[in-house]
file entry33.pdb (PDB, C-alpha atoms)
ATOM      1  CA  MET M   1       8.016  21.844 -10.591  1.00  0.00           C
ATOM      2  CA  ARG M   2       7.420  18.357  -9.305  1.00  0.00           C
ATOM      3  CA  ASN M   3       4.580  16.014  -8.794  1.00  0.00           C
ATOM      4  CA  HIS M   4       3.665  15.331  -5.220  1.00  0.00           C
ATOM      5  CA  GLU M   5       1.134  13.167  -3.560  1.00  0.00           C
ATOM      6  CA  VAL M   6      -0.450  13.754  -0.186  1.00  0.00           C
ATOM      7  CA  THR M   7      -2.337  10.984   1.587  1.00  0.00           C
ATOM      8  CA  PHE M   8      -4.298  11.835   4.694  1.00  0.00           C
ATOM      9  CA  ILE M   9      -6.670  10.096   7.093  1.00  0.00           C
ATOM     10  CA  VAL M  10      -9.793  11.952   8.157  1.00  0.00           C
ATOM     11  CA  ASP M  11     -11.534  11.260  11.449  1.00  0.00           C
ATOM     12  CA  PRO M  12     -14.444   8.856  10.766  1.00  0.00           C
ATOM     13  CA  VAL M  13     -16.561  10.253  13.606  1.00  0.00           C
ATOM     14  CA  LEU M  14     -17.398  13.356  11.556  1.00  0.00           C
ATOM     15  CA  SER M  15     -20.523  13.443   9.447  1.00  0.00           C
ATOM     16  CA  GLY M  16     -20.310  12.784   5.728  1.00  0.00           C
ATOM     17  CA  ASP M  17     -20.554  16.469   4.838  1.00  0.00           C
ATOM     18  CA  GLU M  18     -17.837  17.460   7.267  1.00  0.00           C
ATOM     19  CA  ILE M  19     -15.512  14.823   5.859  1.00  0.00           C
ATOM     20  CA  LYS M  20     -16.111  16.095   2.333  1.00  0.00           C
ATOM     21  CA  ALA M  21     -15.595  19.648   3.516  1.00  0.00           C
ATOM     22  CA  THR M  22     -12.278  18.709   5.128  1.00  0.00           C
ATOM     23  CA  ALA M  23     -11.006  17.165   1.933  1.00  0.00           C
ATOM     24  CA  LYS M  24     -12.248  20.159  -0.026  1.00  0.00           C
ATOM     25  CA  THR M  25     -10.427  22.590   2.294  1.00  0.00           C
ATOM     26  CA  TYR M  26      -7.096  21.103   1.318  1.00  0.00           C
ATOM     27  CA  ASN M  27      -8.002  20.820  -2.337  1.00  0.00           C
ATOM     28  CA  ASP M  28      -8.884  24.511  -2.322  1.00  0.00           C
ATOM     29  CA  MET M  29      -5.711  25.361  -0.449  1.00  0.00           C
ATOM     30  CA  LEU M  30      -3.656  23.628  -3.122  1.00  0.00           C
ATOM     31  CA  VAL M  31      -5.527  25.311  -5.942  1.00  0.00           C
ATOM     32  CA  SER M  32      -5.174  28.748  -4.355  1.00  0.00           C
ATOM     33  CA  GLY M  33      -1.433  28.077  -3.962  1.00  0.00           C
ATOM     34  CA  GLU M  34      -1.157  27.758  -7.741  1.00  0.00           C
ATOM     35  CA  ALA M  35      -0.908  23.994  -7.667  1.00  0.00           C
ATOM     36  CA  THR M  36      -2.546  21.864 -10.331  1.00  0.00           C
ATOM     37  CA  ILE M  37      -4.487  18.950  -8.967  1.00  0.00           C
ATOM     38  CA  VAL M  38      -3.859  15.893 -11.090  1.00  0.00           C
ATOM     39  CA  ASN M  39      -6.178  13.529  -9.319  1.00  0.00           C
ATOM     40  CA  THR M  40      -8.120  13.177  -6.081  1.00  0.00           C
ATOM     41  CA  ASP M  41      -8.647   9.641  -4.947  1.00  0.00           C
ATOM     42  CA  GLU M  42     -11.157   8.943  -2.208  1.00  0.00           C
ATOM     43  CA  MET M  43     -10.102   5.594  -0.866  1.00  0.00           C
ATOM     44  CA  GLY M  44     -12.976   5.496   1.599  1.00  0.00           C
ATOM     45  CA  LEU M  45     -13.319   4.015   5.043  1.00  0.00           C
ATOM     46  CA  ARG M  46     -10.585   1.557   5.931  1.00  0.00           C
ATOM     47  CA  GLN M  47      -9.644  -0.414   8.980  1.00  0.00           C
ATOM     48  CA  LEU M  48      -6.480   0.956  10.578  1.00  0.00           C
ATOM     49  CA  ALA M  49      -3.719  -1.519  11.318  1.00  0.00           C
ATOM     50  CA  TYR M  50      -3.334   0.011  14.777  1.00  0.00           C
ATOM     51  CA  PRO M  51      -5.469   2.541  16.666  1.00  0.00           C
ATOM     52  CA  ILE M  52      -4.723   6.244  16.216  1.00  0.00           C
ATOM     53  CA  LYS M  53      -6.263   8.636  18.726  1.00  0.00           C
ATOM     54  CA  LYS M  54      -8.476   5.759  19.899  1.00  0.00           C
ATOM     55  CA  ARG M  55     -10.023   5.341  16.456  1.00  0.00           C
ATOM     56  CA  THR M  56      -9.820   2.017  14.690  1.00  0.00           C
ATOM     57  CA  THR M  57     -11.042   3.181  11.282  1.00  0.00           C
ATOM     58  CA  GLY M  58     -10.267   6.139   9.097  1.00  0.00           C
ATOM     59  CA  ILE M  59     -11.276   7.725   5.824  1.00  0.00           C
ATOM     60  CA  TYR M  60      -8.379   7.857   3.399  1.00  0.00           C
ATOM     61  CA  TYR M  61      -7.867  10.517   0.779  1.00  0.00           C
ATOM     62  CA  CYS M  62      -5.049  10.749  -1.702  1.00  0.00           C
ATOM     63  CA  VAL M  63      -4.421  13.906  -3.726  1.00  0.00           C
ATOM     64  CA  GLU M  64      -1.843  14.062  -6.482  1.00  0.00           C
ATOM     65  CA  PHE M  65      -0.771  17.532  -7.526  1.00  0.00           C
ATOM     66  CA  THR M  66       1.894  19.531  -9.317  1.00  0.00           C
ATOM     67  CA  GLN M  67       3.172  22.432  -7.289  1.00  0.00           C
ATOM     68  CA  LYS M  68       5.072  25.557  -8.313  1.00  0.00           C
ATOM     69  CA  SER M  69       6.220  27.004  -5.003  1.00  0.00           C
ATOM     70  CA  PRO M  70       7.797  24.716  -2.397  1.00  0.00           C
ATOM     71  CA  ASP M  71       6.317  26.851   0.393  1.00  0.00           C
ATOM     72  CA  LEU M  72       2.908  25.505  -0.448  1.00  0.00           C
ATOM     73  CA  ILE M  73       3.629  22.066   0.980  1.00  0.00           C
ATOM     74  CA  ASN M  74       4.970  23.479   4.227  1.00  0.00           C
ATOM     75  CA  LYS M  75       1.889  25.622   4.531  1.00  0.00           C
ATOM     76  CA  MET M  76      -0.396  22.687   3.862  1.00  0.00           C
ATOM     77  CA  GLU M  77       1.404  20.370   6.279  1.00  0.00           C
ATOM     78  CA  LEU M  78       1.286  22.997   9.009  1.00  0.00           C
ATOM     79  CA  ALA M  79      -2.438  23.374   8.492  1.00  0.00           C
ATOM     80  CA  MET M  80      -2.871  19.608   8.634  1.00  0.00           C
ATOM     81  CA  ARG M  81      -0.899  19.337  11.863  1.00  0.00           C
ATOM     82  CA  ARG M  82      -3.128  21.920  13.448  1.00  0.00           C
ATOM     83  CA  ASP M  83      -6.285  20.377  12.098  1.00  0.00           C
ATOM     84  CA  GLU M  84      -8.080  18.169  14.607  1.00  0.00           C
ATOM     85  CA  ARG M  85     -10.003  16.375  11.881  1.00  0.00           C
ATOM     86  CA  ILE M  86      -6.873  14.983  10.220  1.00  0.00           C
ATOM     87  CA  MET M  87      -5.509  11.940  12.012  1.00  0.00           C
ATOM     88  CA  ARG M  88      -2.440  11.287   9.891  1.00  0.00           C
ATOM     89  CA  PHE M  89      -0.911  12.564   6.674  1.00  0.00           C
ATOM     90  CA  LEU M  90       2.018  11.813   4.410  1.00  0.00           C
ATOM     91  CA  THR M  91       3.377  13.906   1.564  1.00  0.00           C
ATOM     92  CA  VAL M  92       5.581  12.187  -0.968  1.00  0.00           C
ATOM     93  CA  ALA M  93       7.445  13.487  -4.008  1.00  0.00           C
ATOM     94  CA  LEU M  94       6.805  11.262  -7.021  1.00  0.00           C
ATOM     95  CA  ASP M  95       9.503  10.238  -9.443  1.00  0.00           C
ATOM     96  CA  LYS M  96       8.749   9.637 -13.110  1.00  0.00           C
ATOM     97  CA  TYR M  97       7.865   6.017 -12.454  1.00  0.00           C
ATOM     98  CA  GLY M  98       5.485   7.041  -9.707  1.00  0.00           C
ATOM     99  CA  ILE M  99       3.709   9.446 -12.049  1.00  0.00           C
ATOM    100  CA  LYS M 100       3.427   6.749 -14.659  1.00  0.00           C
ATOM    101  CA  TYR M 101       2.201   4.216 -12.125  1.00  0.00           C
ATOM    102  CA  ASN M 102      -0.546   6.546 -10.939  1.00  0.00           C
ATOM    103  CA  GLN M 103      -1.546   7.288 -14.511  1.00  0.00           C
ATOM    104  CA  ASP M 104      -1.707   3.590 -15.339  1.00  0.00           C
ATOM    105  CA  LYS M 105      -3.681   2.904 -12.199  1.00  0.00           C
ATOM    106  CA  ARG M 106      -6.264   5.490 -13.226  1.00  0.00           C
ATOM    107  CA  ASP M 107      -6.479   3.915 -16.668  1.00  0.00           C
ATOM    108  CA  GLY M 108      -6.961   0.513 -15.053  1.00  0.00           C
ATOM    109  CA  LYS M 109      -3.784  -0.984 -16.465  1.00  0.00           C
ATOM    110  CA  ILE M 110      -2.256  -1.962 -13.175  1.00  0.00           C
ATOM    111  CA  GLY M 111      -4.395  -5.028 -12.619  1.00  0.00           C
ATOM    112  CA  LYS M 112      -2.528  -6.922 -15.307  1.00  0.00           C
ATOM    113  CA  ALA M 113       0.893  -5.969 -14.044  1.00  0.00           C
ATOM    114  CA  LYS M 114      -0.171  -6.980 -10.557  1.00  0.00           C
ATOM    115  CA  LYS M 115      -1.015 -10.503 -11.586  1.00  0.00           C
ATOM    116  CA  LYS M 116       2.478 -11.064 -12.853  1.00  0.00           C
ATOM    117  CA  ILE M 117       3.930 -10.357  -9.455  1.00  0.00           C
ATOM    118  CA  SER M 118       1.354 -12.182  -7.478  1.00  0.00           C
ATOM    119  CA  LYS M 119       1.991 -15.432  -9.306  1.00  0.00           C
ATOM    120  CA  THR M 120       4.718 -16.117  -6.826  1.00  0.00           C
ATOM    121  CA  ALA M 121       2.490 -15.041  -3.974  1.00  0.00           C
ATOM    122  CA  GLN M 122      -0.699 -16.761  -4.981  1.00  0.00           C
ATOM    123  CA  ALA M 123      -0.456 -18.953  -1.928  1.00  0.00           C
ATOM    124  CA  ALA M 124       0.007 -15.913   0.291  1.00  0.00           C
ATOM    125  CA  LYS M 125      -2.990 -14.192  -1.279  1.00  0.00           C
ATOM    126  CA  ALA M 126      -5.141 -17.293  -1.026  1.00  0.00           C
ATOM    127  CA  ASN M 127      -5.087 -17.395   2.755  1.00  0.00           C
ATOM    128  CA  GLU M 128      -5.469 -13.611   2.952  1.00  0.00           C
ATOM    129  CA  PRO M 129      -9.291 -13.346   2.880  1.00  0.00           C
ATOM    130  CA  ALA M 130      -9.650 -15.416   6.015  1.00  0.00           C
ATOM    131  CA  LYS M 131      -7.251 -13.114   7.818  1.00  0.00           C
ATOM    132  CA  LYS M 132      -8.775  -9.973   6.302  1.00  0.00           C
ATOM    133  CA  ALA M 133     -12.321 -10.894   7.175  1.00  0.00           C
ATOM    134  CA  ALA M 134     -11.536 -11.638  10.787  1.00  0.00           C
ATOM    135  CA  PRO M 135     -10.513  -8.206  12.147  1.00  0.00           C
ATOM    136  CA  LYS M 136     -13.435  -6.390  10.489  1.00  0.00           C
ATOM    137  CA  PRO M 137     -16.364  -6.704  12.859  1.00  0.00           C
ATOM    138  CA  ALA M 138     -18.369  -3.682  11.689  1.00  0.00           C
ATOM    139  CA  PRO M 139     -20.060  -3.836   8.287  1.00  0.00           C
ATOM    140  CA  LYS M 140     -18.551  -1.178   6.094  1.00  0.00           C
ATOM    141  CA  PRO M 141     -20.299  -0.762   2.760  1.00  0.00           C
ATOM    142  CA  VAL M 142     -18.276   2.384   1.990  1.00  0.00           C
ATOM    143  CA  ALA M 143     -14.986   0.544   2.141  1.00  0.00           C
ATOM    144  CA  ALA M 144     -16.194  -2.351   0.070  1.00  0.00           C
ATOM    145  CA  ALA M 145     -17.769  -0.414  -2.778  1.00  0.00           C
ATOM    146  CA  PRO M 146     -15.306   2.164  -4.171  1.00  0.00           C
ATOM    147  CA  LYS M 147     -12.076   0.224  -3.865  1.00  0.00           C
ATOM    148  CA  PRO M 148     -10.014   1.382  -6.858  1.00  0.00           C
ATOM    149  CA  VAL M 149      -7.260  -1.176  -6.494  1.00  0.00           C
ATOM    150  CA  PRO M 150      -8.152  -4.391  -8.296  1.00  0.00           C
ATOM    151  CA  ALA M 151      -8.612  -6.464  -5.194  1.00  0.00           C
ATOM    152  CA  PRO M 152      -8.177 -10.218  -5.371  1.00  0.00           C
ATOM    153  CA  ALA M 153     -11.553 -11.788  -5.890  1.00  0.00           C
ATOM    154  CA  PRO M 154     -11.769 -13.740  -2.626  1.00  0.00           C
ATOM    155  CA  VAL M 155     -11.345 -10.526  -0.621  1.00  0.00           C
ATOM    156  CA  ALA M 156     -14.221  -8.868  -2.433  1.00  0.00           C
ATOM    157  CA  VAL M 157     -16.391 -11.868  -1.761  1.00  0.00           C
ATOM    158  CA  ALA M 158     -15.514 -11.797   1.909  1.00  0.00           C
ATOM    159  CA  ALA M 159     -16.424  -8.107   2.085  1.00  0.00           C
ATOM    160  CA  LYS M 160     -19.775  -8.799   0.449  1.00  0.00           C
ATOM    161  CA  GLU M 161     -20.579 -11.481   2.927  1.00  0.00           C
ATOM    162  CA  GLU M 162     -20.005  -9.018   5.705  1.00  0.00           C
ATOM    163  CA  GLU M 163     -22.428  -6.572   4.211  1.00  0.00           C
ATOM    164  CA  GLU M 164     -25.142  -9.136   4.293  1.00  0.00           C
TER
ATOM    165  CA  MET H   1      16.468 -56.378  -9.019  1.00  0.00           C
ATOM    166  CA  ALA H   2      14.393 -53.383  -8.112  1.00  0.00           C
ATOM    167  CA  SER H   3      13.599 -50.845 -10.826  1.00  0.00           C
ATOM    168  CA  ARG H   4      14.498 -47.180 -10.364  1.00  0.00           C
ATOM    169  CA  ASP H   5      10.939 -46.295  -9.307  1.00  0.00           C
ATOM    170  CA  ASP H   6      11.206 -48.489  -6.271  1.00  0.00           C
ATOM    171  CA  ILE H   7      14.148 -46.639  -4.815  1.00  0.00           C
ATOM    172  CA  LYS H   8      13.044 -44.698  -1.787  1.00  0.00           C
ATOM    173  CA  PHE H   9      15.108 -42.026  -0.140  1.00  0.00           C
ATOM    174  CA  LEU H  10      15.234 -41.591   3.561  1.00  0.00           C
ATOM    175  CA  SER H  11      15.139 -37.804   3.166  1.00  0.00           C
ATOM    176  CA  ASN H  12      13.765 -35.602   0.403  1.00  0.00           C
ATOM    177  CA  PRO H  13      16.536 -35.323  -2.198  1.00  0.00           C
ATOM    178  CA  ASN H  14      15.290 -31.916  -3.328  1.00  0.00           C
ATOM    179  CA  ILE H  15      15.989 -30.302   0.011  1.00  0.00           C
ATOM    180  CA  GLY H  16      19.671 -29.743  -0.519  1.00  0.00           C
ATOM    181  CA  SER H  17      19.433 -28.125  -3.957  1.00  0.00           C
ATOM    182  CA  ASN H  18      18.542 -24.500  -3.378  1.00  0.00           C
ATOM    183  CA  ARG H  19      16.440 -22.628  -5.905  1.00  0.00           C
ATOM    184  CA  GLN H  20      17.979 -19.763  -7.796  1.00  0.00           C
ATOM    185  CA  LYS H  21      16.751 -16.512  -6.248  1.00  0.00           C
ATOM    186  CA  TYR H  22      15.908 -13.548  -8.402  1.00  0.00           C
ATOM    187  CA  CYS H  23      14.729  -9.987  -8.046  1.00  0.00           C
ATOM    188  CA  ARG H  24      11.076  -9.933  -9.051  1.00  0.00           C
ATOM    189  CA  PHE H  25      11.192  -6.192  -9.745  1.00  0.00           C
ATOM    190  CA  ARG H  26      13.941  -6.597 -12.287  1.00  0.00           C
ATOM    191  CA  LYS H  27      12.447  -9.743 -13.756  1.00  0.00           C
ATOM    192  CA  PHE H  28       8.963  -8.293 -14.261  1.00  0.00           C
ATOM    193  CA  GLY H  29      10.029  -4.730 -14.902  1.00  0.00           C
ATOM    194  CA  ILE H  30       8.287  -3.128 -11.952  1.00  0.00           C
ATOM    195  CA  ARG H  31       9.713   0.343 -11.499  1.00  0.00           C
ATOM    196  CA  TYR H  32       7.528   1.832  -8.800  1.00  0.00           C
ATOM    197  CA  ILE H  33       6.442   0.309  -5.506  1.00  0.00           C
ATOM    198  CA  ASP H  34       3.166   1.704  -4.240  1.00  0.00           C
ATOM    199  CA  TYR H  35       3.127   2.404  -0.520  1.00  0.00           C
ATOM    200  CA  LYS H  36      -0.686   2.425  -0.539  1.00  0.00           C
ATOM    201  CA  ASP H  37      -0.891  -1.238  -1.477  1.00  0.00           C
ATOM    202  CA  PRO H  38      -0.445  -3.227   1.747  1.00  0.00           C
ATOM    203  CA  ASP H  39      -1.509  -6.507   0.136  1.00  0.00           C
ATOM    204  CA  PHE H  40       1.495  -6.391  -2.144  1.00  0.00           C
ATOM    205  CA  LEU H  41       3.921  -5.290   0.537  1.00  0.00           C
ATOM    206  CA  LEU H  42       2.792  -8.174   2.730  1.00  0.00           C
ATOM    207  CA  GLN H  43       5.062 -10.411   0.667  1.00  0.00           C
ATOM    208  CA  PHE H  44       8.120  -8.685   2.038  1.00  0.00           C
ATOM    209  CA  VAL H  45       7.429  -8.939   5.751  1.00  0.00           C
ATOM    210  CA  ASN H  46       7.383 -11.862   8.128  1.00  0.00           C
ATOM    211  CA  GLU H  47       4.569 -12.858  10.452  1.00  0.00           C
ATOM    212  CA  GLN H  48       5.495 -10.203  12.967  1.00  0.00           C
ATOM    213  CA  GLY H  49       5.460  -7.483  10.336  1.00  0.00           C
ATOM    214  CA  LYS H  50       9.241  -7.218  10.181  1.00  0.00           C
ATOM    215  CA  ILE H  51      10.877  -6.457   6.852  1.00  0.00           C
ATOM    216  CA  LEU H  52      12.495  -9.578   5.405  1.00  0.00           C
ATOM    217  CA  PRO H  53      16.169  -9.427   4.456  1.00  0.00           C
ATOM    218  CA  ARG H  54      17.441  -9.482   0.914  1.00  0.00           C
ATOM    219  CA  ARG H  55      18.916 -12.947   1.307  1.00  0.00           C
ATOM    220  CA  ILE H  56      15.390 -14.314   1.684  1.00  0.00           C
ATOM    221  CA  THR H  57      13.398 -12.151  -0.735  1.00  0.00           C
ATOM    222  CA  GLY H  58      16.146 -12.097  -3.357  1.00  0.00           C
ATOM    223  CA  ASN H  59      15.529  -8.448  -4.194  1.00  0.00           C
ATOM    224  CA  SER H  60      18.319  -6.409  -5.702  1.00  0.00           C
ATOM    225  CA  LEU H  61      19.730  -3.723  -3.437  1.00  0.00           C
ATOM    226  CA  LYS H  62      18.021  -0.911  -5.315  1.00  0.00           C
ATOM    227  CA  TYR H  63      14.573  -2.436  -4.990  1.00  0.00           C
ATOM    228  CA  GLN H  64      15.106  -3.710  -1.466  1.00  0.00           C
ATOM    229  CA  ARG H  65      15.657  -0.077  -0.467  1.00  0.00           C
ATOM    230  CA  LYS H  66      12.473   0.938  -2.246  1.00  0.00           C
ATOM    231  CA  VAL H  67      10.512  -1.891  -0.638  1.00  0.00           C
ATOM    232  CA  ALA H  68      11.776  -0.895   2.799  1.00  0.00           C
ATOM    233  CA  THR H  69      10.762   2.730   2.234  1.00  0.00           C
ATOM    234  CA  ALA H  70       7.353   1.723   0.961  1.00  0.00           C
ATOM    235  CA  ILE H  71       6.720  -0.528   3.965  1.00  0.00           C
ATOM    236  CA  LYS H  72       7.724   2.226   6.356  1.00  0.00           C
ATOM    237  CA  ARG H  73       5.392   4.684   4.641  1.00  0.00           C
ATOM    238  CA  CYS H  74       2.635   2.120   4.680  1.00  0.00           C
ATOM    239  CA  ARG H  75       3.098   1.639   8.415  1.00  0.00           C
ATOM    240  CA  HIS H  76       2.970   5.364   9.022  1.00  0.00           C
ATOM    241  CA  LEU H  77      -0.398   5.487   7.276  1.00  0.00           C
ATOM    242  CA  ALA H  78      -1.692   2.643   9.481  1.00  0.00           C
ATOM    243  CA  MET H  79      -2.243   0.366   6.504  1.00  0.00           C
ATOM    244  CA  MET H  80       0.290  -2.056   7.909  1.00  0.00           C
ATOM    245  CA  PRO H  81       1.114  -2.731  11.557  1.00  0.00           C
ATOM    246  CA  TYR H  82       4.433  -1.785  13.133  1.00  0.00           C
ATOM    247  CA  VAL H  83       4.391  -4.797  15.434  1.00  0.00           C
ATOM    248  CA  THR H  84       1.988  -7.682  15.437  1.00  0.00           C
ATOM    249  CA  ASP H  85       1.645 -11.417  15.649  1.00  0.00           C
ATOM    250  CA  LEU H  86       0.145 -13.856  13.171  1.00  0.00           C
ATOM    251  CA  LEU H  87       0.060 -11.406  10.308  1.00  0.00           C
ATOM    252  CA  LYS H  88      -0.132 -14.184   7.740  1.00  0.00           C
TER
END
call {"tool": "encode", "arguments": {"input": "entry33.pdb", "output": "structure tokens"}}
result
Amino acid sequence: MRNHEVTFIVDPVLSGDEIKATAKTYNDMLVSGEATIVNTDEMGLRQLAYPIKKRTTGIYYCVEFTQKSPDLINKMELAMRRDERIMRFLTVALDKYGIKYNQDKRDGKIGKAKKKISKTAQAAKANEPAKKAAPKPAPKPVAAAPKPVPAPAPVAVAAKEEEE
Amino acid sequence: MASRDDIKFLSNPNIGSNRQKYCRFRKFGIRYIDYKDPDFLLQFVNEQGKILPRRITGNSLKYQRKVATAIKRCRHLAMMPYVTDLLK
């Protein structure tokens, strides 16, 4: 019995309902395979770093679950490979630190820990918004609103400006 | 006689003395590196998106391995580019 995490990218061309249905298909598949879903994180529409199947954006989902039978993951990955709506996926086994990290992230504790690291990289983060704002031509309110990761303030501001 | 403040150096005297490197994961007690956080992982790549070596980042071997894995996963999920120019 281990904790796993599957991240997948859904085709953004689909309608909102279809996207939700796609995510639900895999949630249901996991539940029917006697897995316990710990958390489902909808990361929303994001810009891809490089085009996949001629798409430049994608809708990210991340599902953390505890599985009992190892066959379940094979079954799920096979279904994802065959699924046209899924552009990319990645299943990862979490170690105890990963489980704790995800738990802390849900509780909103990670922001503090992040700052400690980024002290050294403040300069790097400072010039980030300019770079981040540039390759986003289309206004994407979905991506800007439900970002769970405590984004550095300048990035959020840049995203807001785009919305307007 | 000139006072000490007036002494000018032809080159920056601080250049030769190299800073002590350290592993930020050990120093700050970070145990898990999230592959879904490209902003953080950006610190460990150069402008072309290549993973920086340990002698520059100062990471310990254990965490350098974890960083490398996280960056590769991040690239697979198209959150970070495989090859690029002017990343930073």
call {"tool": "interface_residues", "arguments": {"input": "entry33.pdb", "of": "chain M", "to": "chain H", "cutoff": "6 Å", "atoms": "all atoms listed in the file", "output": "PyMOL selection string"}}
result
chain M and resi 48-49+97-98
call {"tool": "atom_distance", "arguments": {"input": "entry33.pdb", "atom1": "CA of Lys68 in chain M", "atom2": "CA of Arg82 in chain M"}}
result
23.5 Å
call {"tool": "atom_distance", "arguments": {"input": "entry33.pdb", "atom1": "CA of Val10 in chain M", "atom2": "CA of Leu78 in chain M"}}
result
15.7 Å
call {"tool": "resolve_selection", "arguments": {"input": "entry33.pdb", "expression": "the PyMOL selection byres ((chain M and resi 101) around 12)", "output": "list in words"}}
result
Leu94, Asp95, Lys96, Tyr97, Gly98, Ile99, Lys100, Asn102, Gln103, Asp104, Lys105, Arg106, Asp107, Gly108, Lys109, Ile110, Gly111, Ala113 and Lys114 of chain M; Ile30, Arg31, Tyr32, Ile33, Asp34 and Tyr35 of chain H
call {"tool": "write_last_selection", "arguments": {"input": "entry33.pdb", "atoms": "C-alpha atoms", "output": "PDB file, in the frame of the given file"}}
result
ATOM      1  CA  LEU M  94       6.805  11.262  -7.021  1.00  0.00           C
ATOM      2  CA  ASP M  95       9.503  10.238  -9.443  1.00  0.00           C
ATOM      3  CA  LYS M  96       8.749   9.637 -13.110  1.00  0.00           C
ATOM      4  CA  TYR M  97       7.865   6.017 -12.454  1.00  0.00           C
ATOM      5  CA  GLY M  98       5.485   7.041  -9.707  1.00  0.00           C
ATOM      6  CA  ILE M  99       3.709   9.446 -12.049  1.00  0.00           C
ATOM      7  CA  LYS M 100       3.427   6.749 -14.659  1.00  0.00           C
ATOM      8  CA  ASN M 102      -0.546   6.546 -10.939  1.00  0.00           C
ATOM      9  CA  GLN M 103      -1.546   7.288 -14.511  1.00  0.00           C
ATOM     10  CA  ASP M 104      -1.707   3.590 -15.339  1.00  0.00           C
ATOM     11  CA  LYS M 105      -3.681   2.904 -12.199  1.00  0.00           C
ATOM     12  CA  ARG M 106      -6.264   5.490 -13.226  1.00  0.00           C
ATOM     13  CA  ASP M 107      -6.479   3.915 -16.668  1.00  0.00           C
ATOM     14  CA  GLY M 108      -6.961   0.513 -15.053  1.00  0.00           C
ATOM     15  CA  LYS M 109      -3.784  -0.984 -16.465  1.00  0.00           C
ATOM     16  CA  ILE M 110      -2.256  -1.962 -13.175  1.00  0.00           C
ATOM     17  CA  GLY M 111      -4.395  -5.028 -12.619  1.00  0.00           C
ATOM     18  CA  ALA M 113       0.893  -5.969 -14.044  1.00  0.00           C
ATOM     19  CA  LYS M 114      -0.171  -6.980 -10.557  1.00  0.00           C
TER      20      LYS M 114
ATOM     21  CA  ILE H  30       8.287  -3.128 -11.952  1.00  0.00           C
ATOM     22  CA  ARG H  31       9.713   0.343 -11.499  1.00  0.00           C
ATOM     23  CA  TYR H  32       7.528   1.832  -8.800  1.00  0.00           C
ATOM     24  CA  ILE H  33       6.442   0.309  -5.506  1.00  0.00           C
ATOM     25  CA  ASP H  34       3.166   1.704  -4.240  1.00  0.00           C
ATOM     26  CA  TYR H  35       3.127   2.404  -0.520  1.00  0.00           C
TER      27      TYR H  35
END
call {"tool": "closest_residue", "arguments": {"input": "entry33.pdb", "among": "H:Ile15, H:Ile51, H:Gln20, H:Arg26", "to": "Thr69 in chain H", "atoms": "all atoms listed in the file"}}
result
H:Ile51
call {"tool": "residues_around", "arguments": {"input": "entry33.pdb", "residues": "Asp11 in chain M", "least_positions_apart": "4", "cutoff": "12 Å", "atoms": "all atoms listed in the file", "output": "PDB file with C-alpha atoms, keeping the file's coordinate frame"}}
result
ATOM      1  CA  SER M  15     -20.523  13.443   9.447  1.00  0.00           C
ATOM      2  CA  GLY M  16     -20.310  12.784   5.728  1.00  0.00           C
ATOM      3  CA  GLU M  18     -17.837  17.460   7.267  1.00  0.00           C
ATOM      4  CA  ILE M  19     -15.512  14.823   5.859  1.00  0.00           C
ATOM      5  CA  LYS M  20     -16.111  16.095   2.333  1.00  0.00           C
ATOM      6  CA  THR M  22     -12.278  18.709   5.128  1.00  0.00           C
ATOM      7  CA  ALA M  23     -11.006  17.165   1.933  1.00  0.00           C
ATOM      8  CA  GLY M  44     -12.976   5.496   1.599  1.00  0.00           C
ATOM      9  CA  LEU M  45     -13.319   4.015   5.043  1.00  0.00           C
ATOM     10  CA  ARG M  46     -10.585   1.557   5.931  1.00  0.00           C
ATOM     11  CA  LEU M  48      -6.480   0.956  10.578  1.00  0.00           C
ATOM     12  CA  PRO M  51      -5.469   2.541  16.666  1.00  0.00           C
ATOM     13  CA  ILE M  52      -4.723   6.244  16.216  1.00  0.00           C
ATOM     14  CA  LYS M  53      -6.263   8.636  18.726  1.00  0.00           C
ATOM     15  CA  LYS M  54      -8.476   5.759  19.899  1.00  0.00           C
ATOM     16  CA  ARG M  55     -10.023   5.341  16.456  1.00  0.00           C
ATOM     17  CA  THR M  56      -9.820   2.017  14.690  1.00  0.00           C
ATOM     18  CA  THR M  57     -11.042   3.181  11.282  1.00  0.00           C
ATOM     19  CA  GLY M  58     -10.267   6.139   9.097  1.00  0.00           C
ATOM     20  CA  ILE M  59     -11.276   7.725   5.824  1.00  0.00           C
ATOM     21  CA  TYR M  60      -8.379   7.857   3.399  1.00  0.00           C
ATOM     22  CA  TYR M  61      -7.867  10.517   0.779  1.00  0.00           C
ATOM     23  CA  ASP M  83      -6.285  20.377  12.098  1.00  0.00           C
ATOM     24  CA  GLU M  84      -8.080  18.169  14.607  1.00  0.00           C
ATOM     25  CA  ARG M  85     -10.003  16.375  11.881  1.00  0.00           C
ATOM     26  CA  ILE M  86      -6.873  14.983  10.220  1.00  0.00           C
ATOM     27  CA  MET M  87      -5.509  11.940  12.012  1.00  0.00           C
ATOM     28  CA  ARG M  88      -2.440  11.287   9.891  1.00  0.00           C
ATOM     29  CA  PHE M  89      -0.911  12.564   6.674  1.00  0.00           C
TER      30      PHE M  89
END
call {"tool": "resolve_selection", "arguments": {"input": "entry33.pdb", "expression": "the PyMOL selection byres ((chain M and resi 93) around 9)", "output": "NGL selection string"}}
result
:M and (2-6 or 91-92 or 94-95 or 98)
